[in-house]
Amino acid sequence: MDDSAVSSPPGQQLAAAGSSIAAPTGRGDRRQIDITIIMPTAFWCGAFVRCARRILALVDRASASVEVIFALDGAASAPEWLDHPAARIVATGRRSGPAAARNRAAEKARGGVLLFVDSDVELGDGAIDLIAATLEREPDLVGVFGTYDDEPTADGTVSAFRNLLHHHIHVSHAGQAATFWSGCGAMRTSAFLDSGGFSEEYAYPSVEDIELGMRVAAAGGRIVLLPELTCKHLKRWTVASMMLTDIVHRAGPWTRLIMRSREFPAALNIDWRSRLSGVAAVLLAACLAVAGFASIASLTPIASSAILAALACGLILFWINRDFYRLCARKRGLGFATSAMAFHWLYFVYASLTFGAVAIWEVVTRWRPTVAVRAHRVSHEASSAA
């Protein structure tokens with residue numbers, strides 16, 4: 001087991017993709033292996049067991065030459081069932097986050113392509129050969145990523161809603177992408193290493209894959225979302241875990257990333273439909289609050305107007321997202337679709353408010369030093385003149 005944990009900051013330049021998926025990168029001969037599958041994990045248990053066994057079974061059936069690296073974020077002895085001819089273990093030695101674990105594995109990889117799969121994601125049939133064939137057919141393509149399937153297995157309405165939402169967003173944005181997804185995504189090893197890999201400033205699962213994709217795309221690398229590249233998410237969601245993940249580990253960091261890059265990519269769940277949905281959802285909440293206060297204060301005209309405005313916002317929200325609600329109804333019935341509408345509205349409200357709050361905070365914190373420097377300069381010039 002390799003316990004090295006040397007950090008390498010993200011780079012600024014992207015090397016051109018090779019003409020073969022197994023092309024060497026200048027960091028060791030990689031012609032022996034087509035694809036290296038990398039699965040990070042903090043524990044050798046839970047959903048990881050099912051997902052890792054699935055990968056090992058698919059490797060045995062794949063046409064491409066494949067190796068598997070299980071990247072342990074920490075230090076622990078691996079179970080005996082992981083002893084497979086195609087499998088190796090790499091460890092960070094201490095808890096450093098999935099970004100660091102993936103980077104350690106990538107440094108040891110021999111494949112011309114790195115396929116990242118999360119430890120709670122079950123890879124779909126034919127996924128490995130699909131990736132190999134796509135990258136072999138399109139030599140200028142740097143990376144591809146897929147989506148969850150539309151048959152989530154986790155119990156509960158929230159889990160089904162969450163996974164179907166992810167599926168719908170990705171399927172609706174098939175084609176060229178300005179981002180990346182490490183849940184089930186592949187990138188040429190040369191491009192990954194030359195870009196510096198995942199940013200290790202993220203100590204928890206966050207937007208490190210989005211940040212990598214934005215960086216690679218900005219450097220001219222072409223990344224494509226393949227809706228036929230499917231996997232199954234085994235994570236069980238609750239309302240609390242959904243909100244915590246979205247606010248703390250997704251919306252907040254993503255907003256800071258957008259503010260830092262000074263770009264607002266129209267991709268996935270921040271396209272114009274999502275932005276308009278966020279505005280409609282927040283206005284709907286505001287109108288309902290006004291209607292409630294107005295009713296308590298016996299301000300009937302105001303309450304009536306607020307209710308009508310809320311109805312209009314609700315209709316806009318429904319119309320924009322009708323395809324998703326239709327999917328929910330087709331998969332789990334009208335009752336589930338109704339619940340999905342409520343959760344979707346909640347999602348847009350807290351995600352939009354988080355974006356607004358973080359954006360304002362970023363502007364204020366950047367503005368204060370500038371004002372302080374200008375005030376000091378004016379004071380200094382005044383003292384000099386005196």
# chains A, B, ... in the order shown; residues from 1 in each chain; ligands from 1
$ residues_around --residues "A:Gly124" --least-positions-apart "2" --cutoff "6 Å" --atoms "only C-alpha atoms" --output "PyMOL selection string"
chain A and resi 127+230-231
$ write_last_selection --atoms "C-alpha atoms" --output "PDB file, in the first residue's frame"
ATOM      1  CA  ALA A 127     -19.689   1.818 -19.554  1.00  0.00           C
ATOM      2  CA  THR A 230     -25.148   5.577 -17.067  1.00  0.00           C
ATOM      3  CA  CYS A 231     -24.572   4.530 -13.484  1.00  0.00           C
TER       4      CYS A 231
END
$ select_by_dssp --residues "stretch 115-260 of chain A" --states "strand (DSSP E or B)" --output "VMD selection string"
chain A and resid 115 to 117 121 to 123 141 to 148 175 to 177 184 to 188 222 to 233
$ residues_around --residues "stretch 38-42 of chain A" --least-positions-apart "2" --cutoff "7 Å" --atoms "only C-alpha atoms" --output "count of residues only"
18
$ closest_residue --among "A:Ala87, A:Leu135, A:Ala251, A:Ala310" --to "A:Ile37" --atoms "only C-alpha atoms"
A:Ala87
$ residues_around --residues "A:Trp81" --least-positions-apart "6" --cutoff "10 Å" --atoms "only C-alpha atoms" --output "list in words"
Val49, Ala52 and Arg53 of chain A
$ residues_around --residues "A:His168" --least-positions-apart "2" --cutoff "9 Å" --atoms "only C-alpha atoms" --output "ChimeraX atom specification"
/A:147-148,150,163-166,170-173,323-324,327
$ atom_distance --atom1 "atom CA of A:Cys45" --atom2 "atom CA of A:Phe192"
28.5 Å
$ closest_residue --among "A:Glu211, A:Glu200, A:Glu138, A:Asp271" --to "A:Trp254" --atoms "only C-alpha atoms"
A:Glu211
$ residues_around --residues "A:Glu362" --least-positions-apart "2" --cutoff "12 Å" --atoms "only C-alpha atoms" --output "VMD selection string"
chain A and resid 252 to 253 255 to 260 262 355 to 360 364 to 369
$ closest_residue --among "A:Leu276, A:Cys313, A:Ala217, A:Leu353" --to "A:Leu288" --atoms "only C-alpha atoms"
A:Cys313
$ select_by_dssp --residues "stretch 48-296 of chain A" --states "alpha helix (DSSP H)" --output "compact mmCIF listing (two decimals) with N, CA and C atoms, in the first residue's frame"
# COMPACT_ATOMS: atom_id res chain seq x y z
N PHE A 48 -19.61 1.05 -0.79
CA PHE A 48 -18.36 0.79 -1.49
C PHE A 48 -18.22 -0.68 -1.88
N VAL A 49 -18.63 -1.58 -0.99
CA VAL A 49 -18.47 -3.02 -1.25
C VAL A 49 -19.20 -3.41 -2.52
N ARG A 50 -20.46 -3.02 -2.63
CA ARG A 50 -21.25 -3.36 -3.81
C ARG A 50 -20.67 -2.72 -5.06
N CYS A 51 -20.28 -1.44 -4.96
CA CYS A 51 -19.79 -0.72 -6.13
C CYS A 51 -18.42 -1.23 -6.58
N ALA A 52 -17.55 -1.56 -5.63
CA ALA A 52 -16.23 -2.08 -5.97
C ALA A 52 -16.34 -3.46 -6.60
N ARG A 53 -17.18 -4.32 -6.04
CA ARG A 53 -17.38 -5.66 -6.63
C ARG A 53 -17.94 -5.54 -8.04
N ARG A 54 -18.79 -4.58 -8.25
CA ARG A 54 -19.36 -4.35 -9.58
C ARG A 54 -18.27 -3.99 -10.58
N ILE A 55 -17.37 -3.10 -10.17
CA ILE A 55 -16.27 -2.68 -11.05
C ILE A 55 -15.38 -3.87 -11.40
N LEU A 56 -15.03 -4.66 -10.40
CA LEU A 56 -14.16 -5.81 -10.65
C LEU A 56 -14.82 -6.81 -11.61
N ALA A 57 -16.15 -6.96 -11.50
CA ALA A 57 -16.87 -7.85 -12.41
C ALA A 57 -16.87 -7.29 -13.83
N LEU A 58 -17.04 -5.97 -13.98
CA LEU A 58 -17.06 -5.35 -15.30
C LEU A 58 -15.68 -5.38 -15.94
N VAL A 59 -14.63 -5.26 -15.14
CA VAL A 59 -13.27 -5.30 -15.67
C VAL A 59 -12.99 -6.65 -16.32
N ASP A 60 -13.49 -7.71 -15.71
CA ASP A 60 -13.27 -9.05 -16.25
C ASP A 60 -13.97 -9.24 -17.60
N ARG A 61 -15.02 -8.45 -17.87
CA ARG A 61 -15.79 -8.61 -19.10
C ARG A 61 -15.46 -7.55 -20.15
N PRO A 98 -11.47 13.53 -0.97
CA PRO A 98 -11.49 12.71 -2.19
C PRO A 98 -10.66 13.28 -3.33
N ALA A 99 -10.50 14.60 -3.38
CA ALA A 99 -9.68 15.20 -4.44
C ALA A 99 -8.24 14.73 -4.32
N ALA A 100 -7.70 14.76 -3.10
CA ALA A 100 -6.33 14.31 -2.87
C ALA A 100 -6.20 12.82 -3.14
N ALA A 101 -7.19 12.03 -2.73
CA ALA A 101 -7.14 10.59 -2.96
C ALA A 101 -7.11 10.28 -4.45
N ARG A 102 -7.95 10.96 -5.22
CA ARG A 102 -7.96 10.73 -6.67
C ARG A 102 -6.62 11.14 -7.30
N ASN A 103 -6.06 12.24 -6.84
CA ASN A 103 -4.78 12.70 -7.39
C ASN A 103 -3.66 11.69 -7.11
N ARG A 104 -3.64 11.12 -5.88
CA ARG A 104 -2.62 10.13 -5.56
C ARG A 104 -2.74 8.92 -6.47
N ALA A 105 -3.97 8.51 -6.73
CA ALA A 105 -4.19 7.36 -7.61
C ALA A 105 -3.77 7.69 -9.04
N ALA A 106 -4.10 8.89 -9.51
CA ALA A 106 -3.76 9.29 -10.88
C ALA A 106 -2.26 9.29 -11.11
N GLU A 107 -1.52 9.66 -10.08
CA GLU A 107 -0.06 9.68 -10.19
C GLU A 107 0.52 8.28 -10.38
N LYS A 108 -0.22 7.27 -9.91
CA LYS A 108 0.24 5.88 -10.01
C LYS A 108 -0.38 5.15 -11.20
N ALA A 127 -20.22 0.46 -19.76
CA ALA A 127 -19.69 1.82 -19.55
C ALA A 127 -18.21 1.91 -19.94
N ILE A 128 -17.44 0.90 -19.57
CA ILE A 128 -16.00 0.94 -19.83
C ILE A 128 -15.72 0.94 -21.32
N ASP A 129 -16.35 0.02 -22.03
CA ASP A 129 -16.11 -0.06 -23.48
C ASP A 129 -16.67 1.15 -24.22
N LEU A 130 -17.77 1.72 -23.72
CA LEU A 130 -18.33 2.93 -24.33
C LEU A 130 -17.34 4.08 -24.24
N ILE A 131 -16.73 4.25 -23.09
CA ILE A 131 -15.74 5.32 -22.90
C ILE A 131 -14.53 5.09 -23.81
N ALA A 132 -14.04 3.85 -23.85
CA ALA A 132 -12.88 3.53 -24.68
C ALA A 132 -13.18 3.80 -26.15
N ALA A 133 -14.35 3.36 -26.62
CA ALA A 133 -14.70 3.55 -28.03
C ALA A 133 -14.88 5.02 -28.38
N THR A 134 -15.50 5.79 -27.47
CA THR A 134 -15.73 7.22 -27.74
C THR A 134 -14.43 7.99 -27.84
N LEU A 135 -13.51 7.76 -26.91
CA LEU A 135 -12.25 8.49 -26.92
C LEU A 135 -11.33 8.02 -28.05
N GLU A 136 -11.46 6.76 -28.44
CA GLU A 136 -10.67 6.26 -29.57
C GLU A 136 -11.19 6.86 -30.87
N ARG A 137 -12.50 7.02 -30.97
CA ARG A 137 -13.13 7.55 -32.18
C ARG A 137 -12.91 9.05 -32.35
N THR A 157 -38.79 9.08 -0.63
CA THR A 157 -39.16 10.05 -1.65
C THR A 157 -38.03 11.01 -1.96
N VAL A 158 -37.31 11.45 -0.92
CA VAL A 158 -36.23 12.42 -1.13
C VAL A 158 -35.12 11.81 -1.98
N SER A 159 -34.76 10.55 -1.70
CA SER A 159 -33.71 9.89 -2.47
C SER A 159 -34.10 9.75 -3.93
N ALA A 160 -35.34 9.33 -4.17
CA ALA A 160 -35.80 9.19 -5.55
C ALA A 160 -35.82 10.54 -6.26
N PHE A 161 -36.31 11.57 -5.58
CA PHE A 161 -36.35 12.91 -6.16
C PHE A 161 -34.95 13.38 -6.52
N ARG A 162 -34.03 13.23 -5.60
CA ARG A 162 -32.68 13.74 -5.79
C ARG A 162 -31.99 13.07 -6.97
N ASN A 163 -32.09 11.76 -7.05
CA ASN A 163 -31.41 11.04 -8.11
C ASN A 163 -32.07 11.26 -9.47
N LEU A 164 -33.40 11.34 -9.50
CA LEU A 164 -34.08 11.61 -10.77
C LEU A 164 -33.80 13.03 -11.25
N LEU A 165 -33.66 13.97 -10.31
CA LEU A 165 -33.32 15.35 -10.68
C LEU A 165 -31.95 15.39 -11.34
N HIS A 166 -30.98 14.70 -10.73
CA HIS A 166 -29.63 14.65 -11.31
C HIS A 166 -29.68 14.03 -12.70
N HIS A 167 -30.41 12.93 -12.84
CA HIS A 167 -30.55 12.28 -14.14
C HIS A 167 -31.14 13.23 -15.18
N HIS A 168 -32.21 13.92 -14.80
CA HIS A 168 -32.89 14.81 -15.74
C HIS A 168 -31.98 15.97 -16.16
N ILE A 169 -31.28 16.56 -15.22
CA ILE A 169 -30.40 17.70 -15.53
C ILE A 169 -29.32 17.27 -16.52
N HIS A 170 -28.70 16.13 -16.28
CA HIS A 170 -27.62 15.69 -17.16
C HIS A 170 -28.14 15.29 -18.54
N VAL A 171 -29.22 14.52 -18.58
CA VAL A 171 -29.77 14.09 -19.86
C VAL A 171 -30.22 15.29 -20.69
N THR A 189 -5.39 10.82 -19.42
CA THR A 189 -4.41 10.97 -18.33
C THR A 189 -3.48 12.14 -18.58
N SER A 190 -3.07 12.34 -19.83
CA SER A 190 -2.17 13.45 -20.15
C SER A 190 -2.81 14.78 -19.80
N ALA A 191 -4.09 14.95 -20.18
CA ALA A 191 -4.79 16.21 -19.90
C ALA A 191 -4.96 16.41 -18.40
N PHE A 192 -5.31 15.34 -17.70
CA PHE A 192 -5.53 15.45 -16.25
C PHE A 192 -4.24 15.85 -15.53
N LEU A 193 -3.15 15.15 -15.82
CA LEU A 193 -1.90 15.43 -15.12
C LEU A 193 -1.34 16.80 -15.49
N ASP A 194 -1.43 17.17 -16.76
CA ASP A 194 -0.89 18.46 -17.18
C ASP A 194 -1.71 19.63 -16.67
N SER A 195 -2.98 19.39 -16.35
CA SER A 195 -3.80 20.45 -15.77
C SER A 195 -3.58 20.59 -14.27
N GLU A 208 -14.90 20.12 -6.64
CA GLU A 208 -13.57 19.96 -7.22
C GLU A 208 -13.63 19.45 -8.65
N ASP A 209 -14.65 18.65 -8.98
CA ASP A 209 -14.77 18.17 -10.36
C ASP A 209 -15.26 19.27 -11.30
N ILE A 210 -16.16 20.11 -10.81
CA ILE A 210 -16.63 21.25 -11.60
C ILE A 210 -15.47 22.21 -11.88
N GLU A 211 -14.69 22.48 -10.84
CA GLU A 211 -13.55 23.38 -10.98
C GLU A 211 -12.54 22.85 -11.99
N LEU A 212 -12.28 21.54 -11.93
CA LEU A 212 -11.37 20.93 -12.89
C LEU A 212 -11.91 21.06 -14.31
N GLY A 213 -13.20 20.76 -14.49
CA GLY A 213 -13.79 20.86 -15.82
C GLY A 213 -13.74 22.26 -16.38
N MET A 214 -14.02 23.26 -15.54
CA MET A 214 -13.96 24.65 -15.99
C MET A 214 -12.55 25.03 -16.40
N ARG A 215 -11.58 24.55 -15.64
CA ARG A 215 -10.19 24.87 -15.93
C ARG A 215 -9.73 24.21 -17.24
N VAL A 216 -10.09 22.94 -17.40
CA VAL A 216 -9.71 22.22 -18.62
C VAL A 216 -10.40 22.83 -19.84
N ALA A 217 -11.69 23.14 -19.72
CA ALA A 217 -12.43 23.73 -20.85
C ALA A 217 -11.87 25.10 -21.21
N ALA A 218 -11.51 25.90 -20.19
CA ALA A 218 -10.95 27.23 -20.44
C ALA A 218 -9.62 27.14 -21.17
N VAL A 239 -34.01 15.13 3.78
CA VAL A 239 -34.12 16.57 3.55
C VAL A 239 -32.92 17.30 4.16
N ALA A 240 -32.54 16.88 5.39
CA ALA A 240 -31.42 17.54 6.07
C ALA A 240 -30.11 17.35 5.31
N SER A 241 -29.81 16.11 4.88
CA SER A 241 -28.55 15.86 4.16
C SER A 241 -28.54 16.54 2.81
N MET A 242 -29.71 16.62 2.16
CA MET A 242 -29.80 17.30 0.87
C MET A 242 -29.49 18.79 1.03
N MET A 243 -30.10 19.43 2.02
CA MET A 243 -29.88 20.86 2.22
C MET A 243 -28.44 21.14 2.66
N LEU A 244 -27.92 20.30 3.55
CA LEU A 244 -26.54 20.50 4.02
C LEU A 244 -25.56 20.38 2.86
N GLY A 252 -22.59 27.07 -2.09
CA GLY A 252 -21.63 28.03 -1.56
C GLY A 252 -20.30 28.00 -2.30
N PRO A 253 -19.63 26.83 -2.35
CA PRO A 253 -18.35 26.77 -3.07
C PRO A 253 -18.48 27.09 -4.56
N TRP A 254 -19.58 26.67 -5.18
CA TRP A 254 -19.76 26.95 -6.60
C TRP A 254 -19.91 28.45 -6.84
N THR A 255 -20.62 29.13 -5.96
CA THR A 255 -20.76 30.59 -6.09
C THR A 255 -19.41 31.27 -5.98
N ARG A 256 -18.60 30.84 -5.00
CA ARG A 256 -17.27 31.42 -4.84
C ARG A 256 -16.41 31.13 -6.06
N LEU A 257 -16.58 29.95 -6.64
CA LEU A 257 -15.84 29.60 -7.85
C LEU A 257 -16.23 30.49 -9.01
N ILE A 258 -17.52 30.75 -9.16
CA ILE A 258 -18.00 31.62 -10.23
C ILE A 258 -17.49 33.05 -10.02
N MET A 259 -17.55 33.53 -8.79
CA MET A 259 -17.09 34.88 -8.49
C MET A 259 -15.59 35.01 -8.75
N ARG A 260 -14.86 33.96 -8.42
CA ARG A 260 -13.41 33.99 -8.61
C ARG A 260 -13.05 33.99 -10.09
N SER A 261 -13.77 33.16 -10.88
CA SER A 261 -13.47 33.08 -12.31
C SER A 261 -14.08 34.22 -13.11
N TRP A 272 -30.21 28.96 -18.05
CA TRP A 272 -31.20 30.03 -17.93
C TRP A 272 -32.51 29.53 -17.31
N ARG A 273 -32.87 28.27 -17.58
CA ARG A 273 -34.09 27.72 -16.98
C ARG A 273 -33.97 27.64 -15.47
N SER A 274 -32.82 27.20 -15.00
CA SER A 274 -32.61 27.09 -13.56
C SER A 274 -32.56 28.46 -12.91
N ARG A 275 -31.94 29.42 -13.59
CA ARG A 275 -31.89 30.78 -13.03
C ARG A 275 -33.28 31.38 -12.92
N LEU A 276 -34.07 31.23 -13.98
CA LEU A 276 -35.44 31.75 -13.95
C LEU A 276 -36.28 31.00 -12.92
N SER A 277 -36.06 29.70 -12.80
CA SER A 277 -36.77 28.91 -11.79
C SER A 277 -36.42 29.39 -10.39
N GLY A 278 -35.15 29.71 -10.17
CA GLY A 278 -34.74 30.21 -8.86
C GLY A 278 -35.42 31.52 -8.51
N VAL A 279 -35.49 32.43 -9.47
CA VAL A 279 -36.17 33.71 -9.24
C VAL A 279 -37.64 33.48 -8.94
N ALA A 280 -38.29 32.61 -9.74
CA ALA A 280 -39.72 32.34 -9.53
C ALA A 280 -39.97 31.68 -8.19
N ALA A 281 -39.08 30.78 -7.77
CA ALA A 281 -39.25 30.09 -6.49
C ALA A 281 -39.12 31.05 -5.32
N VAL A 282 -38.13 31.94 -5.37
CA VAL A 282 -37.94 32.91 -4.29
C VAL A 282 -39.11 33.89 -4.24
N LEU A 283 -39.56 34.35 -5.40
CA LEU A 283 -40.71 35.26 -5.44
C LEU A 283 -41.97 34.57 -4.93
N LEU A 284 -42.12 33.29 -5.25
CA LEU A 284 -43.26 32.53 -4.74
C LEU A 284 -43.25 32.48 -3.21
N ALA A 285 -42.08 32.21 -2.64
CA ALA A 285 -41.96 32.18 -1.18
C ALA A 285 -42.25 33.55 -0.58
N ALA A 286 -41.73 34.60 -1.22
CA ALA A 286 -41.96 35.96 -0.72
C ALA A 286 -43.44 36.33 -0.78
N CYS A 287 -44.10 35.98 -1.89
CA CYS A 287 -45.53 36.30 -2.03
C CYS A 287 -46.37 35.56 -1.00
N LEU A 288 -46.02 34.31 -0.73
CA LEU A 288 -46.75 33.55 0.29
C LEU A 288 -46.55 34.16 1.67
N ALA A 289 -45.34 34.64 1.94
CA ALA A 289 -45.08 35.27 3.23
C ALA A 289 -45.88 36.57 3.36
N VAL A 290 -45.91 37.38 2.30
CA VAL A 290 -46.68 38.63 2.32
C VAL A 290 -48.16 38.33 2.50
N ALA A 291 -48.67 37.30 1.79
CA ALA A 291 -50.07 36.94 1.91
C ALA A 291 -50.42 36.52 3.33
N GLY A 292 -49.50 35.79 3.96
CA GLY A 292 -49.74 35.36 5.34
C GLY A 292 -49.79 36.52 6.31
N PHE A 293 -48.82 37.42 6.23
CA PHE A 293 -48.80 38.59 7.12
C PHE A 293 -49.99 39.50 6.86
N ALA A 294 -50.33 39.67 5.58
CA ALA A 294 -51.46 40.53 5.24
C ALA A 294 -52.77 39.96 5.76
N SER A 295 -52.92 38.66 5.73
CA SER A 295 -54.13 38.02 6.26
C SER A 295 -54.24 38.22 7.76
N ILE A 296 -53.11 38.07 8.45
CA ILE A 296 -53.10 38.27 9.90
C ILE A 296 -53.47 39.71 10.25
$ atom_distance --atom1 "atom CA of A:Tyr347" --atom2 "atom CA of A:Arg332"
19.7 Å
$ residues_around --residues "stretch 335-339 of chain A" --least-positions-apart "3" --cutoff "8 Å" --atoms "only C-alpha atoms" --output "list in words"
Thr157, Tyr325, Arg326, Cys328, Ala329, Arg332, Ala342 and Phe343 of chain A
